[in-house]
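Participant: Supplied structure: protein.tsv, TSV, C-alpha atoms.
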```tsv
chain	number	residue	atom	x	y	z
A	1	MET	CA	15.53	-52.80	89.81
A	2	GLY	CA	15.29	-50.73	86.62
A	3	LYS	CA	19.00	-49.85	86.74
A	4	LEU	CA	19.93	-53.47	87.36
A	5	LEU	CA	17.89	-54.64	84.38
A	6	ARG	CA	19.29	-51.93	82.11
A	7	SER	CA	22.81	-52.91	83.10
A	8	ASP	CA	22.19	-56.62	82.56
A	9	PHE	CA	20.44	-56.12	79.23
A	10	TYR	CA	23.27	-53.86	78.11
A	11	ARG	CA	25.71	-56.68	78.90
A	12	LEU	CA	23.44	-59.18	77.16
A	13	PHE	CA	23.30	-57.29	73.88
A	14	ARG	CA	27.02	-56.57	74.04
A	15	SER	CA	27.84	-60.22	74.66
A	16	LYS	CA	29.57	-61.94	71.74
A	17	SER	CA	28.83	-65.35	73.23
A	18	PHE	CA	25.09	-64.62	73.03
A	19	TYR	CA	25.25	-63.98	69.28
A	20	ILE	CA	27.61	-66.90	68.73
A	21	CYS	CA	25.37	-69.36	70.60
A	22	THR	CA	22.24	-68.10	68.82
A	23	THR	CA	23.90	-68.30	65.40
A	24	ILE	CA	25.32	-71.78	65.94
A	25	VAL	CA	22.11	-73.34	67.26
A	26	SER	CA	20.11	-71.78	64.40
A	27	ALA	CA	22.62	-72.97	61.80
A	28	LEU	CA	22.64	-76.50	63.21
A	29	LEU	CA	18.86	-76.76	63.14
A	30	CYS	CA	18.63	-75.39	59.61
A	31	LEU	CA	21.38	-77.73	58.43
A	32	SER	CA	19.60	-80.68	60.01
A	33	ILE	CA	16.60	-80.66	57.68
A	34	PHE	CA	18.80	-80.21	54.60
A	35	MET	CA	20.86	-83.21	55.74
A	36	GLU	CA	17.70	-85.21	56.35
A	37	LYS	CA	16.47	-84.48	52.83
A	38	TRP	CA	19.87	-85.41	51.38
A	39	ALA	CA	19.99	-88.65	53.39
A	40	LEU	CA	16.46	-89.54	52.24
A	41	LYS	CA	17.41	-88.91	48.62
A	42	VAL	CA	20.52	-91.09	48.89
A	43	ALA	CA	18.60	-93.87	50.64
A	44	THR	CA	15.79	-93.97	48.09
A	45	THR	CA	18.27	-93.92	45.19
A	46	GLN	CA	20.76	-96.51	46.40
A	47	LEU	CA	18.50	-98.75	48.49
A	48	GLU	CA	15.38	-98.67	46.35
A	49	GLY	CA	13.03	-101.58	47.00
A	50	MET	CA	14.12	-102.30	50.55
A	51	GLU	CA	11.33	-102.48	53.12
A	52	GLY	CA	11.16	-100.12	56.06
A	53	LEU	CA	12.77	-97.15	54.34
A	54	PRO	CA	11.01	-93.80	54.89
A	55	SER	CA	9.47	-92.40	51.71
A	56	THR	CA	8.97	-88.81	52.85
A	57	LEU	CA	10.42	-86.32	55.27
A	58	ARG	CA	9.11	-86.35	58.85
A	59	PHE	CA	8.05	-82.71	58.44
A	60	LYS	CA	5.30	-81.73	56.03
A	61	ASP	CA	5.93	-77.97	55.93
A	62	GLY	CA	7.91	-75.07	57.37
A	63	ILE	CA	5.63	-74.53	60.36
A	64	SER	CA	5.84	-78.15	61.50
A	65	TYR	CA	9.63	-77.98	61.32
A	66	GLY	CA	9.64	-74.61	63.10
A	67	LEU	CA	8.08	-76.26	66.15
A	68	ILE	CA	11.41	-78.04	66.67
A	69	ALA	CA	12.65	-74.72	68.04
A	70	PHE	CA	10.39	-75.31	71.04
A	71	THR	CA	10.63	-79.07	71.42
A	72	GLY	CA	14.15	-79.94	70.22
A	73	GLY	CA	17.08	-80.42	72.57
A	74	ASP	CA	19.72	-78.14	71.03
A	75	ILE	CA	18.44	-74.96	72.68
A	76	GLN	CA	18.84	-76.57	76.11
A	77	MET	CA	22.58	-77.05	75.67
A	78	PHE	CA	23.21	-73.56	74.32
A	79	ILE	CA	21.22	-71.73	77.01
A	80	ALA	CA	23.06	-73.89	79.57
A	81	ILE	CA	26.40	-72.76	78.15
A	82	PHE	CA	25.46	-69.11	77.74
A	83	SER	CA	23.91	-68.73	81.21
A	84	ALA	CA	27.10	-70.17	82.71
A	85	ILE	CA	29.30	-67.74	80.76
A	86	PHE	CA	27.10	-64.70	81.40
A	87	ILE	CA	26.62	-65.13	85.16
A	88	THR	CA	29.95	-66.57	86.29
A	89	SER	CA	31.86	-63.80	84.49
A	90	GLU	CA	30.46	-61.32	87.03
A	91	PHE	CA	32.03	-63.26	89.89
A	92	VAL	CA	35.31	-63.75	88.03
A	93	HIS	CA	35.72	-60.07	87.12
A	94	GLY	CA	34.40	-58.73	90.42
A	95	THR	CA	31.42	-56.85	88.98
A	96	MET	CA	29.03	-58.79	91.20
A	97	LYS	CA	30.81	-57.50	94.31
A	98	ASN	CA	30.60	-53.95	92.95
A	99	THR	CA	26.85	-54.33	92.37
A	100	ILE	CA	26.24	-55.64	95.89
A	101	SER	CA	28.39	-52.89	97.41
A	102	LYS	CA	26.08	-50.26	95.88
A	103	GLY	CA	23.35	-51.37	98.28
A	104	TYR	CA	21.06	-53.31	95.95
A	105	HIS	CA	19.06	-56.05	97.67
A	106	ARG	CA	20.44	-59.45	96.68
A	107	ALA	CA	16.99	-60.76	95.77
A	108	LEU	CA	16.66	-57.96	93.21
A	109	VAL	CA	20.13	-58.66	91.84
A	110	TYR	CA	19.24	-62.33	91.46
A	111	ALA	CA	15.88	-61.50	89.86
A	112	SER	CA	17.59	-59.23	87.35
A	113	LYS	CA	19.97	-62.02	86.28
A	114	LEU	CA	17.09	-64.47	85.99
A	115	ILE	CA	14.92	-62.10	83.93
A	116	THR	CA	17.84	-61.35	81.62
A	117	MET	CA	18.54	-65.04	81.05
A	118	ILE	CA	14.85	-65.71	80.37
A	119	ALA	CA	14.84	-62.85	77.85
A	120	ALA	CA	17.96	-64.35	76.21
A	121	LEU	CA	16.16	-67.71	76.03
A	122	PHE	CA	13.08	-66.16	74.39
A	123	ILE	CA	15.21	-64.31	71.84
A	124	MET	CA	17.16	-67.47	71.01
A	125	ILE	CA	13.99	-69.49	70.53
A	126	PHE	CA	12.34	-66.76	68.43
A	127	VAL	CA	15.36	-66.54	66.10
A	128	LEU	CA	15.55	-70.33	66.00
A	129	PHE	CA	11.85	-70.58	65.12
A	130	ILE	CA	12.08	-68.06	62.26
A	131	ALA	CA	15.24	-69.69	60.87
A	132	SER	CA	13.80	-73.21	61.05
A	133	VAL	CA	10.49	-72.16	59.45
A	134	ILE	CA	12.43	-70.64	56.54
A	135	ALA	CA	14.63	-73.74	56.19
A	136	GLY	CA	11.63	-76.06	56.46
A	137	THR	CA	9.71	-74.07	53.85
A	138	ILE	CA	12.66	-74.20	51.43
A	139	VAL	CA	13.13	-77.96	51.82
A	140	THR	CA	9.46	-79.03	51.82
A	141	GLY	CA	8.22	-76.32	49.46
A	142	LYS	CA	5.34	-75.55	51.80
A	143	PHE	CA	4.95	-72.88	54.47
A	144	GLY	CA	1.98	-74.49	56.21
A	145	THR	CA	-1.63	-73.56	56.80
A	146	PHE	CA	-3.48	-72.37	59.88
A	147	THR	CA	-6.95	-73.18	61.14
A	148	ALA	CA	-8.64	-72.00	64.33
A	149	ALA	CA	-8.10	-75.42	65.92
A	150	THR	CA	-4.43	-75.76	64.95
A	151	VAL	CA	-3.61	-72.19	66.00
A	152	GLY	CA	-5.18	-72.75	69.42
A	153	GLU	CA	-3.25	-75.98	69.96
A	154	LEU	CA	-0.08	-74.43	68.54
A	155	PHE	CA	-0.18	-71.58	71.06
A	156	SER	CA	-0.94	-74.04	73.87
A	157	ILE	CA	2.15	-76.08	73.01
A	158	ILE	CA	4.32	-72.98	72.65
A	159	GLY	CA	3.05	-71.56	75.94
A	160	ILE	CA	3.73	-74.75	77.89
A	161	GLU	CA	7.12	-75.24	76.27
A	162	MET	CA	8.16	-71.67	77.05
A	163	LEU	CA	7.19	-72.21	80.68
A	164	LEU	CA	9.21	-75.44	80.83
A	165	TYR	CA	12.24	-73.77	79.23
A	166	THR	CA	11.87	-70.83	81.62
A	167	ALA	CA	11.93	-73.27	84.53
A	168	LEU	CA	14.98	-75.03	83.07
A	169	THR	CA	16.72	-71.66	82.69
A	170	ALA	CA	15.90	-70.86	86.33
A	171	LEU	CA	17.64	-74.11	87.27
A	172	PHE	CA	20.71	-73.15	85.22
A	173	VAL	CA	20.78	-69.69	86.84
A	174	MET	CA	20.54	-71.24	90.31
A	175	ILE	CA	23.50	-73.51	89.58
A	176	ALA	CA	25.55	-70.64	88.16
A	177	MET	CA	24.84	-68.36	91.13
A	178	ILE	CA	25.84	-71.10	93.59
A	179	VAL	CA	28.86	-72.72	91.87
A	180	ARG	CA	30.25	-69.53	90.21
A	181	ASN	CA	32.95	-71.38	88.28
A	182	ASN	CA	32.51	-71.28	84.50
A	183	GLY	CA	33.80	-74.77	83.75
A	184	GLY	CA	32.06	-76.30	86.74
A	185	VAL	CA	28.71	-74.71	85.91
A	186	ILE	CA	28.85	-75.82	82.27
A	187	ALA	CA	29.75	-79.37	83.33
A	188	ILE	CA	26.91	-79.54	85.86
A	189	ASN	CA	24.39	-78.00	83.44
A	190	ILE	CA	25.24	-80.27	80.52
A	191	LEU	CA	26.22	-83.50	82.26
A	192	GLY	CA	24.25	-83.28	85.48
A	193	VAL	CA	21.04	-81.65	84.24
A	194	ILE	CA	20.73	-82.27	80.49
A	195	SER	CA	22.54	-85.60	80.03
A	196	PHE	CA	21.84	-87.46	83.27
A	197	GLY	CA	18.87	-85.55	84.68
A	198	THR	CA	16.28	-87.89	83.15
A	199	LEU	CA	18.44	-90.92	84.00
A	200	ILE	CA	18.27	-90.04	87.71
A	201	PHE	CA	14.48	-90.01	87.58
A	202	SER	CA	14.51	-93.34	85.71
A	203	LEU	CA	16.77	-94.83	88.39
A	204	LEU	CA	14.39	-93.66	91.12
A	205	GLU	CA	11.50	-95.23	89.23
A	206	TYR	CA	13.45	-98.48	88.99
A	207	LEU	CA	14.23	-98.45	92.73
A	208	PHE	CA	10.52	-98.09	93.49
A	209	ASP	CA	9.56	-100.85	91.01
A	210	SER	CA	7.76	-98.30	88.82
A	211	LYS	CA	5.14	-97.76	91.53
A	212	ILE	CA	5.79	-94.03	91.20
A	213	LYS	CA	6.32	-92.59	87.72
A	214	PHE	CA	9.32	-90.42	88.64
A	215	THR	CA	10.25	-89.84	84.99
A	216	GLU	CA	7.05	-87.85	84.52
A	217	PHE	CA	8.42	-85.28	86.96
A	218	SER	CA	11.54	-84.69	84.87
A	219	ILE	CA	11.53	-81.35	83.09
A	220	GLN	CA	13.26	-82.84	80.02
A	221	TYR	CA	10.66	-85.60	79.85
A	222	ASN	CA	7.84	-83.05	79.81
A	223	ILE	CA	9.58	-80.97	77.15
A	224	SER	CA	10.01	-84.05	74.95
A	225	GLN	CA	6.31	-84.95	75.26
A	226	PHE	CA	5.46	-82.18	72.81
A	227	TYR	CA	7.99	-83.24	70.18
A	228	MET	CA	6.23	-83.48	66.78
A	229	SER	CA	2.89	-83.94	68.52
A	230	MET	CA	-0.27	-81.81	68.30
A	231	ASP	CA	-2.71	-84.31	69.79
A	232	LEU	CA	-2.06	-84.55	73.52
A	233	SER	CA	-4.38	-85.16	76.44
A	234	SER	CA	-5.32	-82.44	78.89
A	235	SER	CA	-3.53	-84.39	81.65
A	236	THR	CA	-0.25	-84.02	79.75
A	237	TYR	CA	-0.69	-80.23	79.63
A	238	ILE	CA	-1.65	-80.06	83.31
A	239	ARG	CA	1.31	-82.20	84.40
A	240	ALA	CA	3.73	-80.13	82.31
A	241	LEU	CA	2.26	-76.92	83.74
A	242	ILE	CA	2.68	-78.14	87.33
A	243	VAL	CA	6.21	-79.45	86.72
A	244	GLY	CA	7.25	-76.16	85.09
A	245	LEU	CA	5.86	-74.03	87.92
A	246	VAL	CA	7.40	-76.22	90.63
A	247	TYR	CA	10.85	-76.17	89.00
A	248	LEU	CA	10.64	-72.42	88.48
A	249	ILE	CA	9.54	-71.62	92.04
A	250	VAL	CA	11.87	-74.09	93.79
A	251	SER	CA	14.94	-73.22	91.71
A	252	THR	CA	14.40	-69.49	92.17
A	253	GLY	CA	13.71	-69.87	95.89
A	254	ILE	CA	16.81	-71.98	96.52
A	255	GLY	CA	18.93	-69.70	94.34
A	256	ILE	CA	17.90	-66.52	96.16
A	257	PHE	CA	18.34	-68.15	99.56
A	258	ALA	CA	21.85	-69.41	98.71
A	259	PHE	CA	22.82	-66.07	97.15
A	260	ASN	CA	21.66	-64.18	100.27
A	261	LYS	CA	23.76	-66.43	102.50
A	262	SER	CA	26.88	-66.45	100.32
A	263	ASP	CA	30.01	-64.37	100.67
A	264	ILE	CA	30.74	-62.34	97.54
A	265	LYS	CA	34.47	-61.90	96.94
```
Please re-express this file's structure in structure tokens.
Facilitator:
Amino acid sequence: MGKLLRSDFYRLFRSKSFYICTTIVSALLCLSIFMEKWALKVATTQLEGMEGLPSTLRFKDGISYGLIAFTGGDIQMFIAIFSAIFITSEFVHGTMKNTISKGYHRALVYASKLITMIAALFIMIFVLFIASVIAGTIVTGKFGTFTAATVGELFSIIGIEMLLYTALTALFVMIAMIVRNNGGVIAINILGVISFGTLIFSLLEYLFDSKIKFTEFSIQYNISQFYMSMDLSSSTYIRALIVGLVYLIVSTGIGIFAFNKSDIK
């Protein structure tokens, strides 16, 4: 297992696509708050006196904007793209077959890929958080303050969000290990999971006349529940925790089972 992880982490840190994805998602998020400030300035200057116009930015300081790294949607798309590139390349170039031929158990091979992708996710989010806090501090002029209560809730939100993103990454890894085609995996991840995933749950809820709240079982729905919110009920945390664990366990289980049964060419 140690050799597998060392090999995968070596590939990770040598991967240009990893640095490109991390840089782009960080730049987009940083640019977003500058654009929001510019748009607010233009609106207040040219449309002064009109009702309904926002008078201040949505974010009060750098820390509040930094939380977007955990609750925003950009990171989902980029980890979906990168996981597809990283994993399918092993099937395309034949390195997966070489790894299996060395006698490694397929479950360990799968686990190594999953751990590497989770590590890539954590690194991306950490860089994104630091970059967005800096950008938010520059734009708002405030870094933010901490109290015992806010720190506790902050870590609760971050912990739950990281679990949900880990589960989402496990789903992306499962798809990549089953489909194995770069374009197909990216299409399924972005269109099937990110774009239409919540819509499928909404359709199920509609078919059952809203008797069962299927949307609450969507991983994207649970991620979005923590967007710009620090005052959530305990039931929201519990539901998100259960959803994250179920997605993680089921996706990993199905992925390992399918990988064990597949023919590696």
Participant: Determine, counting all atoms listed in the file, which protein, DNA and RNA residues have an atom within 12 Å of an atom of Ala131 of chain A; residues of the same chain fewer than 3 positions away are not included. Present the result as a list in words.
Facilitator: Thr22, Thr23, Ile24, Val25, Ser26, Ala27, Leu28, Leu29, Cys30, Leu31, Ser32, Ile33, Gly62, Ile63, Tyr65, Gly66, Leu67, Ile68, Ala69, Met124, Ile125, Phe126, Val127, Leu128, Ile134, Ala135, Gly136, Thr137 and Ile138 of chain A
Participant: Can you work out which one of A:Phe78, A:Gly144, A:Phe70, A:Val133 has the shortest atom-to-atom distance to Ile20 of chain A, counting only C-alpha atoms?
Facilitator: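 Closest to Ile20 of chain A, using only C-alpha atoms: A:Phe78.
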Participant: Please measure the separation of atom CA of Ser83 of chain A and atom CA of Thr215 of chain A, giving the value in Å to one decimal.
Facilitator: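 These two atoms are separated by 25.4 Å.
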Participant: Counting all atoms listed in the file, I want the residues whose atoms come within 8 Å of (17.5, -69.5, 76.6) in the file frame, returned as JSON, numbers by chain.
Facilitator: {"A": [75, 76, 78, 79, 80, 83, 117, 118, 119, 120, 121, 122, 123, 124, 125, 165, 166, 169]}
Participant: Determine, counting all atoms listed in the file, which protein, DNA and RNA residues have an atom within 9 Å of an atom of Thr99 of chain A; residues of the same chain fewer than 5 positions away are not included. Present the result as a list in words.
Facilitator: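 My reading of the contact set: Leu4, Gly94, Tyr104 and Val109 of chain A.
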Participant: If we count all atoms listed in the file and set the cut-off at 8 Å, which residues sit around Met177 of chain A, ignoring sequence neighbours fewer than 3 positions away in its own chain? Please answer as an NGL selection string.
Facilitator: :A and (87-88 or 173-174 or 180 or 255 or 259)
Participant: What's around Ile85 of chain A at 12 Å? Count only C-alpha atoms, leave out sequence neighbours fewer than 5 positions away in its own chain, and write the answer as a list in words.
Facilitator: Arg11, Leu12, Ser15, Lys16, Ser17, Phe18, Cys21, Phe78, Ile79, Ala80, Glu90, Phe91, Val92, His93, Met117, Phe172, Val173, Ala176, Met177, Arg180, Asn181, Asn182, Gly183, Gly184, Val185, Ile186, Ala187 and Asn189 of chain A
Participant: Could you add whatever atoms are missing so that segment 205-231 of chain A carries N, CA, C and O atoms, then write the result as a short mmCIF file (atom, residue, chain, number, x, y, z; two decimals), in the frame of the given file?
Facilitator:
```cif
data_model
loop_
_atom_site.label_atom_id
_atom_site.label_comp_id
_atom_site.auth_asym_id
_atom_site.auth_seq_id
_atom_site.Cartn_x
_atom_site.Cartn_y
_atom_site.Cartn_z
N GLU A 205 12.68 -94.43 89.61
CA GLU A 205 11.50 -95.23 89.23
C GLU A 205 11.82 -96.72 89.32
O GLU A 205 10.98 -97.52 89.75
N TYR A 206 13.04 -97.08 88.92
CA TYR A 206 13.45 -98.48 88.99
C TYR A 206 13.53 -98.94 90.44
O TYR A 206 13.10 -100.06 90.78
N LEU A 207 14.08 -98.10 91.32
CA LEU A 207 14.23 -98.45 92.73
C LEU A 207 12.88 -98.66 93.41
O LEU A 207 12.76 -99.44 94.36
N PHE A 208 11.86 -97.97 92.92
CA PHE A 208 10.52 -98.09 93.49
C PHE A 208 9.64 -99.03 92.67
O PHE A 208 8.42 -99.02 92.79
N ASP A 209 10.28 -99.85 91.82
CA ASP A 209 9.56 -100.85 91.01
C ASP A 209 8.45 -100.22 90.18
O ASP A 209 7.38 -100.81 89.99
N SER A 210 8.69 -99.03 89.69
CA SER A 210 7.76 -98.30 88.82
C SER A 210 6.41 -98.00 89.48
O SER A 210 5.43 -97.71 88.80
N LYS A 211 6.37 -98.09 90.83
CA LYS A 211 5.14 -97.76 91.53
C LYS A 211 4.85 -96.26 91.46
O LYS A 211 3.70 -95.83 91.52
N ILE A 212 5.92 -95.48 91.37
CA ILE A 212 5.79 -94.03 91.20
C ILE A 212 6.48 -93.65 89.90
O ILE A 212 7.64 -93.99 89.68
N LYS A 213 5.78 -92.97 89.01
CA LYS A 213 6.32 -92.59 87.72
C LYS A 213 7.20 -91.33 87.87
O LYS A 213 6.82 -90.22 87.49
N PHE A 214 8.42 -91.55 88.40
CA PHE A 214 9.32 -90.42 88.64
C PHE A 214 9.72 -89.71 87.36
O PHE A 214 9.95 -88.50 87.36
N THR A 215 9.82 -90.45 86.24
CA THR A 215 10.25 -89.84 84.99
C THR A 215 9.29 -88.75 84.53
O THR A 215 9.70 -87.80 83.85
N GLU A 216 8.04 -88.85 84.92
CA GLU A 216 7.05 -87.85 84.52
C GLU A 216 7.27 -86.51 85.21
O GLU A 216 6.69 -85.50 84.83
N PHE A 217 8.12 -86.51 86.25
CA PHE A 217 8.42 -85.28 86.96
C PHE A 217 9.71 -84.63 86.45
O PHE A 217 10.12 -83.58 86.96
N SER A 218 10.33 -85.25 85.48
CA SER A 218 11.54 -84.69 84.87
C SER A 218 11.16 -83.58 83.90
O SER A 218 10.23 -83.73 83.10
N ILE A 219 11.86 -82.47 83.96
CA ILE A 219 11.53 -81.35 83.09
C ILE A 219 11.84 -81.68 81.64
O ILE A 219 11.11 -81.29 80.72
N GLN A 220 12.94 -82.45 81.40
CA GLN A 220 13.26 -82.84 80.02
C GLN A 220 12.21 -83.79 79.45
O GLN A 220 11.88 -83.72 78.27
N TYR A 221 11.70 -84.68 80.30
CA TYR A 221 10.66 -85.60 79.85
C TYR A 221 9.43 -84.83 79.39
O TYR A 221 8.84 -85.13 78.35
N ASN A 222 9.02 -83.84 80.16
CA ASN A 222 7.84 -83.05 79.81
C ASN A 222 8.07 -82.21 78.56
O ASN A 222 7.15 -82.04 77.75
N ILE A 223 9.27 -81.70 78.38
CA ILE A 223 9.58 -80.97 77.15
C ILE A 223 9.47 -81.89 75.94
O ILE A 223 8.90 -81.53 74.91
N SER A 224 10.00 -83.10 76.08
CA SER A 224 10.01 -84.05 74.95
C SER A 224 8.62 -84.56 74.59
O SER A 224 8.39 -85.04 73.48
N GLN A 225 7.66 -84.47 75.53
CA GLN A 225 6.31 -84.95 75.26
C GLN A 225 5.64 -84.20 74.11
O GLN A 225 4.72 -84.71 73.48
N PHE A 226 6.09 -83.00 73.84
CA PHE A 226 5.46 -82.18 72.81
C PHE A 226 6.22 -82.23 71.49
O PHE A 226 5.92 -81.48 70.56
N TYR A 227 7.20 -83.13 71.39
CA TYR A 227 7.99 -83.24 70.18
C TYR A 227 7.16 -83.83 69.05
O TYR A 227 6.68 -84.96 69.13
N MET A 228 6.97 -83.04 67.98
CA MET A 228 6.23 -83.48 66.78
C MET A 228 4.84 -84.02 67.12
O MET A 228 4.36 -84.95 66.49
N SER A 229 4.21 -83.45 68.12
CA SER A 229 2.89 -83.94 68.52
C SER A 229 1.94 -82.77 68.74
O SER A 229 2.27 -81.82 69.44
N MET A 230 0.75 -82.85 68.14
CA MET A 230 -0.27 -81.81 68.30
C MET A 230 -1.54 -82.38 68.91
O MET A 230 -2.53 -81.69 69.04
N ASP A 231 -1.50 -83.65 69.27
CA ASP A 231 -2.71 -84.31 69.79
C ASP A 231 -2.39 -84.93 71.14
O ASP A 231 -2.13 -86.12 71.25
#
```
